[in-house]
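Down below is the structure, laid out as structure tokens.
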Amino acid sequence: MVTGRLQVIATPIGNLADLSERAREALAQADVIAAEDTRHTGALLMALGLATPLLSLHEHNESRRVPGLLARLAQGERVALVSDAGTPLLSDPGYELVQAAIAAGFEVSAVPGPSAITAALAIAGLPTDRFCFEGFLPARRSCASGAQRSRRSRTSGAPWCSSRRRTESWRR
């Protein structure tokens with residue numbers, strides 16, 4: 001019988017008060033936390049008074065980490081997956097782990113929380129009955145402008161991600 005459990009946990013996007021009590025409990029009860037950046041998640045855990053062990057899981061090591069995390073799940077452990085901010089897998093690592101855990105028959109659940117995508121869509125004045133998330137804008141301004149122009153004919157909302165520093169530099 002497969003008893004391990006993978007929890008995909010949304011973390012705050014800049015405001016610690018946005019972390020749900022359910023997310024805090026899941027982080028506290030996990031045997032290990034697979035984190036996009038252990039330094040960032042370590043600071044979050046310290047602020048919460050938690051000492052759950054951390055393991056890095058990012059785009060450069062995810063393929064190598066998955067077998068070990070599956071082995072932990074096979075031993076009945078609870079593995080939490082977090083990104084630096086928001087929900088893992090949405091322009092963040094975790095896809096390979098979630099896909100492998102599902103394929104192996106482990107329980108995979110989500111602890112919802114802050115989402116930059118839905119927050120941006122809610123205040124953009126765009127249609128919200130359907131939308132297509134386009135990921136991050138290209139880094140170069142000319143490429144980003146072209147990508148935005150190609151999506152203007154869309155009738156549904158199409159939120160993009162970009163850093164504040166990058167978009168502010170484009171305004172200058």
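Ordering of the structure tokens sets the chain letters (A, B, ...); residue numbers start at 1 within each chain; ligands are numbered from 1 in the order shown.
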Each range 53-77 of chain A residue no farther than 9 Å from range 3-10 of chain A, nearest pair in Å, only C-alpha atoms, as CSV:
```
residue,atom,partner,partner_atom,distance
A:Leu70,CA,A:Gly4,CA,8.6
A:Arg72,CA,A:Gly4,CA,7.5
A:Leu73,CA,A:Gly4,CA,4.1
A:Ala74,CA,A:Gly4,CA,5.7
A:Gln75,CA,A:Gly4,CA,6.6
A:Gly76,CA,A:Gly4,CA,3.9
A:Glu77,CA,A:Gly4,CA,5.0
```
List the spatial neighbours of Ala100 in chain A as an mmCIF file with C-alpha atoms, in the first residue's frame - criterion: any atom at most 12 Å away, only C-alpha atoms, same-chain residues fewer than 6 positions off excluded.
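Result saved to part28.cif:
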```cif
data_model
loop_
_atom_site.group_PDB
_atom_site.id
_atom_site.type_symbol
_atom_site.label_atom_id
_atom_site.label_comp_id
_atom_site.auth_asym_id
_atom_site.auth_seq_id
_atom_site.Cartn_x
_atom_site.Cartn_y
_atom_site.Cartn_z
ATOM 1 C CA LEU A 6 3.017 15.028 -1.493
ATOM 2 C CA GLU A 62 14.727 18.555 -10.096
ATOM 3 C CA SER A 63 15.402 15.522 -12.300
ATOM 4 C CA ARG A 65 15.954 14.967 -6.765
ATOM 5 C CA VAL A 66 12.789 13.170 -7.879
ATOM 6 C CA PRO A 67 13.985 9.571 -7.259
ATOM 7 C CA GLY A 68 15.037 10.367 -3.688
ATOM 8 C CA LEU A 69 11.775 12.146 -2.931
ATOM 9 C CA LEU A 70 9.789 9.244 -4.387
ATOM 10 C CA ALA A 71 11.760 6.910 -2.099
ATOM 11 C CA LEU A 73 7.158 8.933 -0.176
ATOM 12 C CA GLY A 94 7.791 20.963 -9.301
ATOM 13 C CA PHE A 106 1.073 8.565 -4.251
ATOM 14 C CA GLU A 107 -1.509 10.975 -2.912
ATOM 15 C CA VAL A 108 -0.873 14.496 -4.202
#
```
*Write out as a list in words each polymer residue whose atoms come within 7 Å of Leu55 in chain A, counting only C-alpha atoms; drop sequence neighbours fewer than 5 positions from it.*
Ile33, Ala34, Ala35 and Thr38 of chain A
*Could you check which of A:Asn15, A:Gln29, A:Ser20, A:Thr128 is closest to Pro53 in chain A, using only C-alpha atoms?*
A:Gln29
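With only C-alpha atoms as the atoms that count, the residue of A:Gly125, A:Gly42, A:Arg22, A:Cys132 with the shortest distance to Ser83 in chain A is A:Gly42.
Running DSSP on the backbone gives strand (DSSP E) for these residues within range 70-121 of chain A: A:Arg78, A:Val79, A:Ala80, A:Leu81, A:Val82, A:Glu107, A:Val108, A:Ser109, A:Ala110, A:Val111.
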Could those residues be written to a file, using N, CA, C and O atoms, as a PDB file, in the first residue's frame?
```pdb
ATOM      1  N   ARG A  78       5.682  12.463   4.561  1.00  0.00           N
ATOM      2  CA  ARG A  78       4.958  13.604   3.984  1.00  0.00           C
ATOM      3  C   ARG A  78       6.002  14.554   3.419  1.00  0.00           C
ATOM      4  O   ARG A  78       6.880  15.024   4.137  1.00  0.00           O
ATOM      5  N   VAL A  79       5.875  14.831   2.142  1.00  0.00           N
ATOM      6  CA  VAL A  79       6.779  15.759   1.474  1.00  0.00           C
ATOM      7  C   VAL A  79       5.980  16.993   1.099  1.00  0.00           C
ATOM      8  O   VAL A  79       4.927  16.892   0.465  1.00  0.00           O
ATOM      9  N   ALA A  80       6.477  18.153   1.504  1.00  0.00           N
ATOM     10  CA  ALA A  80       5.850  19.418   1.120  1.00  0.00           C
ATOM     11  C   ALA A  80       6.668  20.022  -0.018  1.00  0.00           C
ATOM     12  O   ALA A  80       7.904  19.963   0.004  1.00  0.00           O
ATOM     13  N   LEU A  81       6.010  20.587  -1.003  1.00  0.00           N
ATOM     14  CA  LEU A  81       6.659  21.254  -2.126  1.00  0.00           C
ATOM     15  C   LEU A  81       6.267  22.726  -2.090  1.00  0.00           C
ATOM     16  O   LEU A  81       5.073  23.050  -2.078  1.00  0.00           O
ATOM     17  N   VAL A  82       7.269  23.604  -2.053  1.00  0.00           N
ATOM     18  CA  VAL A  82       7.011  25.047  -2.044  1.00  0.00           C
ATOM     19  C   VAL A  82       7.916  25.746  -3.058  1.00  0.00           C
ATOM     20  O   VAL A  82       8.991  25.251  -3.389  1.00  0.00           O
ATOM     21  N   GLU A 107      -0.524   9.903  -3.061  1.00  0.00           N
ATOM     22  CA  GLU A 107      -1.509  10.975  -2.912  1.00  0.00           C
ATOM     23  C   GLU A 107      -0.802  12.312  -3.128  1.00  0.00           C
ATOM     24  O   GLU A 107       0.254  12.564  -2.552  1.00  0.00           O
ATOM     25  N   VAL A 108      -1.383  13.145  -3.959  1.00  0.00           N
ATOM     26  CA  VAL A 108      -0.873  14.496  -4.202  1.00  0.00           C
ATOM     27  C   VAL A 108      -2.017  15.450  -3.920  1.00  0.00           C
ATOM     28  O   VAL A 108      -3.106  15.318  -4.485  1.00  0.00           O
ATOM     29  N   SER A 109      -1.783  16.406  -3.026  1.00  0.00           N
ATOM     30  CA  SER A 109      -2.835  17.363  -2.682  1.00  0.00           C
ATOM     31  C   SER A 109      -2.263  18.772  -2.714  1.00  0.00           C
ATOM     32  O   SER A 109      -1.051  18.971  -2.664  1.00  0.00           O
ATOM     33  N   ALA A 110      -3.157  19.730  -2.789  1.00  0.00           N
ATOM     34  CA  ALA A 110      -2.759  21.142  -2.827  1.00  0.00           C
ATOM     35  C   ALA A 110      -3.263  21.859  -1.590  1.00  0.00           C
ATOM     36  O   ALA A 110      -4.373  21.587  -1.112  1.00  0.00           O
ATOM     37  N   VAL A 111      -2.443  22.767  -1.098  1.00  0.00           N
ATOM     38  CA  VAL A 111      -2.860  23.680  -0.044  1.00  0.00           C
ATOM     39  C   VAL A 111      -2.850  25.058  -0.705  1.00  0.00           C
ATOM     40  O   VAL A 111      -1.801  25.660  -0.886  1.00  0.00           O
TER      41      VAL A 111
END
```
Range 112-117 of chain A: which residues within 7 Å, counting only C-alpha atoms, same-chain residues fewer than 5 positions away excluded, as a compact mmCIF listing (two decimals) with C-alpha atoms, in the first residue's frame?
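What ended up in result11.txt:
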```txt
# COMPACT_ATOMS: atom_id res chain seq x y z
CA ILE A 9 1.76 24.37 -0.75
CA ALA A 10 1.27 27.99 -1.80
CA THR A 11 3.44 30.46 0.12
CA PRO A 12 3.13 34.24 0.62
CA ILE A 13 3.94 36.68 -2.16
CA ASP A 18 -1.11 35.86 3.58
CA LEU A 19 0.02 32.38 4.68
CA SER A 20 -2.99 30.31 5.68
CA GLY A 86 2.96 31.76 -4.64
CA THR A 87 1.98 28.34 -5.92
CA PRO A 159 -1.99 37.73 -17.49
```
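Across the model, the gap from CA of Leu97 in chain A to CA of Ala47 in chain A is 26.8 Å.
Shortest atom-to-atom contact with Pro93 in chain A among A:Ala43, A:Gly14, A:Glu36, A:Leu50: A:Glu36, counting only C-alpha atoms.
CA of Glu59 in chain A is found 26.1 Å from CA of Phe131 in chain A.
Taking CA of Glu25 in chain A and CA of Ala122 in chain A as endpoints, the distance between them is 28.0 Å.
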*Show which residues sit within 9 Å of Ala51 in chain A, as a PyMOL selection string. Count only C-alpha atoms, and ignore same-chain residues fewer than 4 positions away.*
chain A and resi 28+42+45-46
Just-selected residues, N, CA, C and O atoms written as a PDB file, in the first residue's frame:
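The resulting result22.pdb:
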```pdb
ATOM      1  N   ALA A  28       4.535  22.416   9.067  1.00  0.00           N
ATOM      2  CA  ALA A  28       4.977  21.895  10.365  1.00  0.00           C
ATOM      3  C   ALA A  28       4.915  20.369  10.404  1.00  0.00           C
ATOM      4  O   ALA A  28       5.760  19.718  11.030  1.00  0.00           O
ATOM      5  N   GLY A  42      13.860  28.871   4.262  1.00  0.00           N
ATOM      6  CA  GLY A  42      14.397  28.845   5.626  1.00  0.00           C
ATOM      7  C   GLY A  42      14.011  30.086   6.402  1.00  0.00           C
ATOM      8  O   GLY A  42      13.662  30.015   7.586  1.00  0.00           O
ATOM      9  N   LEU A  45      10.358  29.703   7.340  1.00  0.00           N
ATOM     10  CA  LEU A  45      10.207  28.783   8.467  1.00  0.00           C
ATOM     11  C   LEU A  45      10.657  29.419   9.776  1.00  0.00           C
ATOM     12  O   LEU A  45      10.023  29.225  10.819  1.00  0.00           O
ATOM     13  N   MET A  46      11.736  30.178   9.739  1.00  0.00           N
ATOM     14  CA  MET A  46      12.224  30.842  10.945  1.00  0.00           C
ATOM     15  C   MET A  46      11.172  31.827  11.466  1.00  0.00           C
ATOM     16  O   MET A  46      10.900  31.878  12.663  1.00  0.00           O
TER      17      MET A  46
END
```
